[in-house]
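**Q** So that we are looking at the same thing, I have put the structure below in structure tokens.
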Amino acid sequence: MFTKEFYVNHRATLKKLMNKGIAVFIANDEASMNYPDNTYHYRQDSNFAYFFGLNHSDLVGVIDFESGEEILFGQEVTIDDVIWCGPLPSLPEQGDMIGITDCRDINRFPEYIRQQMEKGRMIHLTPTYRGDQTIKIANYMDIDVHEVKNYVSQLLIEAIVSLREIKSDIEIKEMEYAADTAYYMHTTAMKMCKPGVIEQEISGTIEGIAIARGGTISFPNIVSMDGQTLHNHNHGNVLKEGRMMVCDCGAETGNYLDSDFTRTTPVGGKFNSRQRDVYEIVLKANMEVAKQTKPGMRYMEMHKLAARTLIEGLQGIGLMKGNVDDALAAGAHYLFQPHGLGHMLGMDVHDMEGLGEINVGYNKETPRSTQQGFSCLRCGKVLKPGFVVTDEPGIYFIPTLIDIWKAEGKHKDFINYDKLETFKDFGGIRIEDDLLITENGNRILGKPIPKTVEDVERTCAEAREWIRIPGIF
Ligand code: GLY
Ligand code: MN
């Protein structure tokens, strides 16, 4: 956990932004995998973690915006807890860790919240994203589960987004650590990327690095030779010479701050000329965005810059044609990059999307585009110092999508479908960095992960033999 000031300050700032009603933050419960006591890795709710810090279940945090009261509802430690989990801080000690003196038994929470409701107080909830939590809140409030959404507060959502989107120095330091972990994960993956290795060997090894550095992965690893499948969580391919491996992974620290980087490595460590041609286009898009991103601009402008760079590059190798402005305006690049340039990053890998992606990436001054090629961008709004966003252009050759567009003759003035046929076995390339928006520009978080052709090839060449687990593969 961070020091108590971290949490005290967040609640104090939230109170300045909100003036009526009560905000209720429910800690995530343990989630069972296959029988009650065998649970998934515990993950606290990010809003709870941001305002109340404690890293376990059966807690409710309350902030009263009118009286200024802050209450922590929780459970006293039992002897069973001590026997199974060791000595634990008492409830008042937990309150002290986050600067709250009013600590009450969680069994008193239903009575408390129902009284507030009877008094006609405004109750502000964040959206729920787990069924068990929705049921729990409904039971606490004595309402039907379908009514819980009626208490989700747009005012609270907007206030939280305005706080969490600006990363403090403490958070940035922690994100640097998560980014450094990603450096070790990615350079290890590059060194392991050899013919005959199974993707799962790499995925398992790099997940271990994230855990060994005191946290875990920030989302399930994407480690695949089939990079054209954007979120490919199958890790069963045996790596083959002549293919490339997309590795999209990141780390989450014990305080829930994340990294998210992608690198694409040729199996065996040397790009062939066709791979190199496409790789250089994606790299140029990634680097142009990193060069030009600065506060005050809409990230949609950078999405367009990346798309334009991809179109120009694809024209250079004969896969696209026609007027670049017209191709961009038509959204023809979507065939090659059917996702947005990036998203916010922080306590969630797609930061705050539990509050609704639209509430995080867009606002009244920047509404979301409805056009193909632009609507897929998760965060298009004006950038401010302290934001962290990902810069992750890609080029993918998705045979099914190519077939559909070709059959429809879609954007045929901009796409050279005949030549594209010869790329259907190519896979995909994505290159992703995490950009901290600074006062004048941006900087990439963490130790620089190799990304030029020369640096990737050099890193692959540094590979030494590692011990493959005998008898398993
Ligand atoms: N890196 C995974 C994602 O951005 O969705
Ligand atoms: Mn990402």
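Ordered as shown in the structure tokens, chains take letters A, B, and onward, while each chain numbers its residues from 1 and ligands are numbered from 1 in the order shown.
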Using only C-alpha atoms, determine which residues lie at most 7 Å from stretch 207-212 of chain A, disregarding the query and same-chain residues fewer than 6 positions distant; provide the list as a list in words.

**A**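 Surrounding residues, per the criterion: Thr181, Met185 and Ala251 of chain A.
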
**Q** How would the residues just picked look written out with N, CA, C and O atoms as a PDB file, in the first residue's frame?

**A**
ATOM      1  N   THR A 181       9.267  -3.829 -15.578  1.00  0.00           N
ATOM      2  CA  THR A 181       8.947  -5.261 -15.567  1.00  0.00           C
ATOM      3  C   THR A 181       8.610  -5.718 -16.982  1.00  0.00           C
ATOM      4  O   THR A 181       9.046  -6.782 -17.434  1.00  0.00           O
ATOM      5  N   MET A 185      10.068  -8.700 -19.361  1.00  0.00           N
ATOM      6  CA  MET A 185       9.178  -9.687 -19.994  1.00  0.00           C
ATOM      7  C   MET A 185       9.429  -9.731 -21.504  1.00  0.00           C
ATOM      8  O   MET A 185       9.569 -10.800 -22.103  1.00  0.00           O
ATOM      9  N   ALA A 251       2.682  -5.599 -16.926  1.00  0.00           N
ATOM     10  CA  ALA A 251       2.721  -5.994 -15.519  1.00  0.00           C
ATOM     11  C   ALA A 251       1.811  -5.083 -14.710  1.00  0.00           C
ATOM     12  O   ALA A 251       1.556  -3.941 -15.088  1.00  0.00           O
TER      13      ALA A 251
END

**Q** As a quick test: using only C-alpha atoms and all ligand atoms, which residues lie no more than 10 Å away from ligand 2? Give them as a list in words.

**A** Phe219, Asp248, Cys249, Gly250, Ser259, Asp260, Phe261, Thr262, Gly340, Leu341, Gly342, His343, Met344, Leu345, Val349, His350, Val389, Thr390, Asp391, Glu392, Pro393, Arg430, Ile431, Glu432, Asp433 and Asp434 of chain A

**Q** Nearest residue to ligand 1 out of A:Thr205, A:Thr78, A:Ser218, A:Ser57, using only C-alpha atoms and all ligand atoms?

**A**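 The shortest atom-to-atom distance to ligand 1 comes from A:Ser218.
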
**Q** Nearest to ligand 1 among A:Asn221, A:Ser32, A:Gln315, A:Gln371, with distances taken over only C-alpha atoms and all ligand atoms: which residue is it?

**A**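 Comparing A:Asn221, A:Ser32, A:Gln315, A:Gln371 against ligand 1, the winner is A:Asn221.
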
**Q** To test your reading of the structure, identify every residue in stretch 80-236 of chain A that backbone DSSP assigns to alpha helix (DSSP H), and report it as a ChimeraX atom specification.

**A** /A:80-85,91-97,109-118,131-141,154-164,169-192,199-212

**Q** Using only C-alpha atoms, can you tell me which of A:Lys149, A:Arg121, A:Arg104, A:His411 comes closest to A:Lys321?

**A** A:His411

**Q** Report the residues of stretch 334-425 of chain A whose backbone DSSP state falls under strand (DSSP E or B), written as a VMD selection string.

**A** chain A and resid 344 363 366 382 388 to 391 394 to 396 415

**Q** Rank A:Thr366, A:Thr452, A:Asn416, A:Asn237 by their smallest atom-to-atom distance to A:Arg276, using only C-alpha atoms, and report the top residue only.

**A**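 That would be A:Thr452, the residue with the smallest distance to A:Arg276.
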
**Q** Point out the residue among A:Ile157, A:Val278, A:Val197, A:Leu257 with the least atom-to-atom distance to A:Ile170, counting only C-alpha atoms.

**A**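 For A:Ile170, the nearest of the given residues is A:Leu257.
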
**Q** In Å to one decimal, how far is atom CA of A:Ile402 from atom CA of A:Ala306?

**A**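 Between atom CA of A:Ala306 and atom CA of A:Ile402 the gap is 20.8 Å.
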
**Q** Given only C-alpha atoms and all ligand atoms as the basis, pick out the residue of A:Leu230, A:Ile311, A:Ile415, A:Ala285 nearest to ligand 1.

**A**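 Of the candidates, the smallest distance to ligand 1 is held by A:Leu230.
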
**Q** One decimal, Å: what's the distance from atom CA of A:Met122 over to atom CA of A:Ile22, could you say?

**A** 6.2 Å

**Q** Just the residues within 7 Å of A:Lys240, please, counting only C-alpha atoms, with nothing from its chain fewer than 4 positions along; format it as a PDB file with C-alpha atoms, in the first residue's frame.

**A**
ATOM      1  CA  PRO A 195      11.788 -22.187 -34.080  1.00  0.00           C
ATOM      2  CA  GLY A 196      10.463 -25.210 -32.176  1.00  0.00           C
ATOM      3  CA  VAL A 267      10.946 -16.276 -35.149  1.00  0.00           C
TER       4      VAL A 267
END
